[in-house]
Amino acid sequence: MELYNPLPFELKVLNMRLLTSGSVFESLPTSLSLPPESGPHPVILSGTPKEIGELEVLGYSTHTLGVKSNCRLRHIGGFPHPQYSVDVISALPKMQVLTSLPKSASSGSVGDTVTVATSTNITLYAGESAECGVTLSNVGELPIEMVEVSVHSTLEPSLQQQVFQWSQENLQAQLPLQPGADASFTIYIYSLTDFLTPAVVFEHDASSTAYGSQPASFLSGPSSLPSRLSSPTFGREQASRRSELTSSFRSGGSSHSGSSLGSSRLPFSKLSAPNASKVMEGQLKLRYSGGAGQEAGYCRVSSVTLSVEMLPSVQITNWDVLPAETNSQFYLVLDIANITSHELELQYTPSKCILIEGNESCRIPVPVNRCPLSKLTKLYQGGKISADDRLELDQICSEHIASSVDLRWHILSSGTRGRVSLKGITLTPEMLDLVRMSPLQWEVTLNSQPVKPQEELNCRAGQCLQLGISIHNFLERSLWHVCLAVQFYQDHQNGVNNYRLETRLASAGASKVILPELEEQGSAYHECSIVFFTPGQYKVDIQ
């Protein structure tokens, strides 16, 4: 209430109480002195109900100038209601909430600030995790039998679950909480951010797309094993192609020496300005109850404001996909920038890590298992794939990469650690060809020895070679009328291929085989013999 004194002298107001009816109510008296011709003076009238039931607040009473006055609300202008009804319920327990994080003066802007018991703040690098211990103390006279924990923020529910995590079961195991007892649980906070920034980042790499530096023609590689093998140097062409491929992946100012599948450093001075720090707020809401009040369906609510300041740590500025040495994997090549001022160690495989100076960038190849066919059944069912199905399959491949790649950073000077999430990574159709497991897997042998991609093989003129080809169908359906063709030729390195090799080699065995049916999870094997009459470099085209 607000009181005014219109009189030219000081006015003493004594024994000011609430006027009530219904349930027994103990009203607490209030006295105050009002200076002459002053106001407004705020005053709060309070009391304690003594029994359960309906309590009606009718107005207030005062002793002023020796006269007792009962002022009822229905006779006072400005009040929207002639009386107020209050439902008096059974007593509820009281709980005090404390956290292990530093306190903050701000009550936050998320959720209901009336129930906020304490506010905390913490500063984390992007990808860093922290723990917040929460202690609940029963400061009332009744046991606390129920506690429900929830978090409210402006984040989407799926993202919020990644930022704030706790064990409700651990808290429930500590209940009921008797008067004077404590319970505790831990909230795990993860500084989640979007680490992928596929913008035009490097000035000298202006031709790069949002997904990497490769032309589309370079990205559409074989699904399992290179289809062209050299004899006697089978892998030379593929090795040359990979060297050319990896050279083109480097920035224009870098040399062609070395392999991009080893980590390489890139200048950070060309990078755009790193993102500034961001503040994310969440409100930890605790609903608790016990005794008869809980049985009647009532509870109390206490809240804790959590303010997380997120500092930038690392950013992925470019990515691409390259074939790996084995048909079950591919290389995810990442350009990663350290946008802190500290030296940072980045671990990208269980046994490999690289040091990145502050405000510098590097390129790393991460081996990843290809997305299995069990996740891509819609792609190979034989019918037409709708646009929605294709988007779903692309999402499956993106989530497969995000769950398979484990990138962890470590700031050496402070010991701070964190991890990088690739959730939401986008892939071009050419990249998806390498990410998805091929439905047909090849195994090529020469004289019963497996041939690996890029492996250089030599033989003597006149030596008989046994070329074996195995095809495995990993689909859940049969393939019909499968044609396997083997053809030798010589590449003159000038755009001309010579397929007329009757005077240079002889082969025994069919050069083309028709398989009426290749059953699901089935295999087929074909073998032929070759003898080279003259030295030189020969290639074989297997289709």
# chains A, B, ... in the order shown; residues from 1 in each chain; ligands from 1
>>> closest_atom_pairs(of="region 380-490 of chain A", to="region 120-134 of chain A", cutoff="7 Å", atoms="only C-alpha atoms", output="tab-separated table")
residue	atom	partner	partner_atom	distance
A:Arg417	CA	A:Glu128	CA	6.0
A:Gly418	CA	A:Glu128	CA	4.1
A:Arg419	CA	A:Gly127	CA	4.9
A:Val420	CA	A:Gly127	CA	5.7
>>> write_last_selection(atoms="C-alpha atoms", output="PDB file, in the first residue's frame")
ATOM      1  CA  ARG A 417      40.712 -28.553 -22.502  1.00  0.00           C
ATOM      2  CA  GLY A 418      37.751 -28.839 -24.824  1.00  0.00           C
ATOM      3  CA  ARG A 419      36.337 -30.693 -27.795  1.00  0.00           C
ATOM      4  CA  VAL A 420      35.144 -29.601 -31.229  1.00  0.00           C
TER       5      VAL A 420
END
>>> select_by_dssp(residues="region 380-524 of chain A", states="strand (DSSP E or B)", output="PyMOL selection string")
chain A and resi 407-411+416-420+436+440-446+449-450+464-473+479-491+497-498+505-508+512-518+523-524
>>> closest_residue(among="A:Thr428, A:Ser191, A:Ser85, A:Ser153", to="Lys278 (chain A)", atoms="only C-alpha atoms")
A:Ser191
>>> closest_residue(among="A:Gly522, A:Gly291, A:Gly462, A:Pro367", to="Thr534 (chain A)", atoms="only C-alpha atoms")
A:Gly462
>>> residues_around(residues="region 355-360 of chain A", least_positions_apart="5", cutoff="6 Å", atoms="only C-alpha atoms", output="PDB file with C-alpha atoms, in the first residue's frame")
ATOM      1  CA  PHE A 268      46.111 -16.905 -40.114  1.00  0.00           C
ATOM      2  CA  ALA A 337      42.188 -21.957 -37.025  1.00  0.00           C
ATOM      3  CA  ASN A 338      43.334 -21.268 -33.479  1.00  0.00           C
ATOM      4  CA  ILE A 339      41.663 -17.947 -32.720  1.00  0.00           C
ATOM      5  CA  THR A 340      43.049 -17.666 -29.208  1.00  0.00           C
ATOM      6  CA  SER A 341      46.303 -15.935 -28.329  1.00  0.00           C
ATOM      7  CA  HIS A 342      47.716 -19.090 -26.713  1.00  0.00           C
ATOM      8  CA  GLU A 343      49.535 -22.104 -28.124  1.00  0.00           C
ATOM      9  CA  LEU A 344      47.049 -24.918 -28.559  1.00  0.00           C
ATOM     10  CA  GLU A 345      47.468 -28.667 -28.973  1.00  0.00           C
TER      11      GLU A 345
END
>>> residues_around(residues="Thr154 (chain A)", least_positions_apart="5", cutoff="9 Å", atoms="only C-alpha atoms", output="PyMOL selection string")
chain A and resi 110+160+280-282
>>> closest_residue(among="A:Leu58, A:Cys371, A:Val279, A:Leu284", to="His81 (chain A)", atoms="only C-alpha atoms")
A:Leu58
>>> atom_distance(atom1="CA of Lys539 (chain A)", atom2="CA of Ile514 (chain A)")
22.3 Å
>>> select_by_dssp(residues="region 255-456 of chain A", states="helix (DSSP H, G or I)", output="PyMOL selection string")
chain A and resi 291-295+373-375+377-380+387-404+429-435
>>> residues_around(residues="Glu399 (chain A)", least_positions_apart="3", cutoff="12 Å", atoms="only C-alpha atoms", output="compact mmCIF listing (two decimals) with C-alpha atoms, in the first residue's frame")
# COMPACT_ATOMS: atom_id res chain seq x y z
CA ARG A 370 32.55 -44.73 -44.18
CA CYS A 371 28.84 -44.58 -43.41
CA LYS A 375 22.01 -46.66 -42.28
CA GLU A 392 17.30 -37.56 -44.77
CA LEU A 393 20.18 -39.62 -46.18
CA ASP A 394 22.39 -36.54 -46.34
CA GLN A 395 21.52 -35.81 -42.71
CA ILE A 396 22.44 -39.39 -41.76
CA ALA A 402 29.85 -35.73 -36.36
CA SER A 403 29.65 -38.84 -34.17
CA SER A 404 32.79 -40.47 -35.62
CA VAL A 405 35.24 -37.55 -35.48
CA SER A 421 31.76 -30.65 -32.58
CA LEU A 422 31.15 -31.16 -36.31
CA LYS A 423 27.39 -31.30 -35.89
CA GLY A 424 25.69 -29.70 -38.86
CA ILE A 425 28.52 -30.27 -41.35
CA THR A 426 27.30 -30.01 -44.95
CA LEU A 427 28.48 -32.21 -47.80
CA VAL A 435 31.38 -40.81 -47.31
>>> closest_residue(among="A:Gly415, A:Val57, A:Leu467, A:Ser438", to="Gln329 (chain A)", atoms="only C-alpha atoms")
A:Ser438
>>> atom_distance(atom1="CA of Glu456 (chain A)", atom2="CA of Ser470 (chain A)")
20.1 Å
>>> closest_residue(among="A:Thr416, A:Thr503, A:Asn473, A:Thr326", to="Glu520 (chain A)", atoms="only C-alpha atoms")
A:Asn473
>>> residues_around(residues="Leu332 (chain A)", least_positions_apart="6", cutoff="6 Å", atoms="only C-alpha atoms", output="PDB file with N, CA, C and O atoms, in the first residue's frame")
ATOM      1  N   ASP A 320      36.977 -30.853 -46.663  1.00  0.00           N
ATOM      2  CA  ASP A 320      36.851 -31.601 -47.904  1.00  0.00           C
ATOM      3  C   ASP A 320      36.979 -33.084 -47.583  1.00  0.00           C
ATOM      4  O   ASP A 320      37.334 -33.467 -46.462  1.00  0.00           O
ATOM      5  N   VAL A 321      36.686 -33.939 -48.571  1.00  0.00           N
ATOM      6  CA  VAL A 321      36.731 -35.383 -48.399  1.00  0.00           C
ATOM      7  C   VAL A 321      37.629 -35.974 -49.471  1.00  0.00           C
ATOM      8  O   VAL A 321      37.502 -35.628 -50.658  1.00  0.00           O
ATOM      9  N   PRO A 365      44.334 -34.171 -41.786  1.00  0.00           N
ATOM     10  CA  PRO A 365      43.492 -35.223 -42.356  1.00  0.00           C
ATOM     11  C   PRO A 365      43.016 -36.163 -41.249  1.00  0.00           C
ATOM     12  O   PRO A 365      43.812 -36.709 -40.485  1.00  0.00           O
ATOM     13  N   VAL A 366      41.729 -36.357 -41.168  1.00  0.00           N
ATOM     14  CA  VAL A 366      41.148 -37.210 -40.132  1.00  0.00           C
ATOM     15  C   VAL A 366      40.577 -38.456 -40.801  1.00  0.00           C
ATOM     16  O   VAL A 366      39.652 -38.348 -41.608  1.00  0.00           O
TER      17      VAL A 366
END
>>> residues_around(residues="Gln83 (chain A)", least_positions_apart="2", cutoff="12 Å", atoms="only C-alpha atoms", output="VMD selection string")
chain A and resid 18 to 21 55 to 60 71 to 76 79 to 81 85 to 86
>>> closest_residue(among="A:Phe533, A:Trp319, A:Trp480, A:Phe488", to="Val333 (chain A)", atoms="only C-alpha atoms")
A:Trp319
>>> atom_distance(atom1="CA of Glu325 (chain A)", atom2="CA of Leu446 (chain A)")
17.6 Å
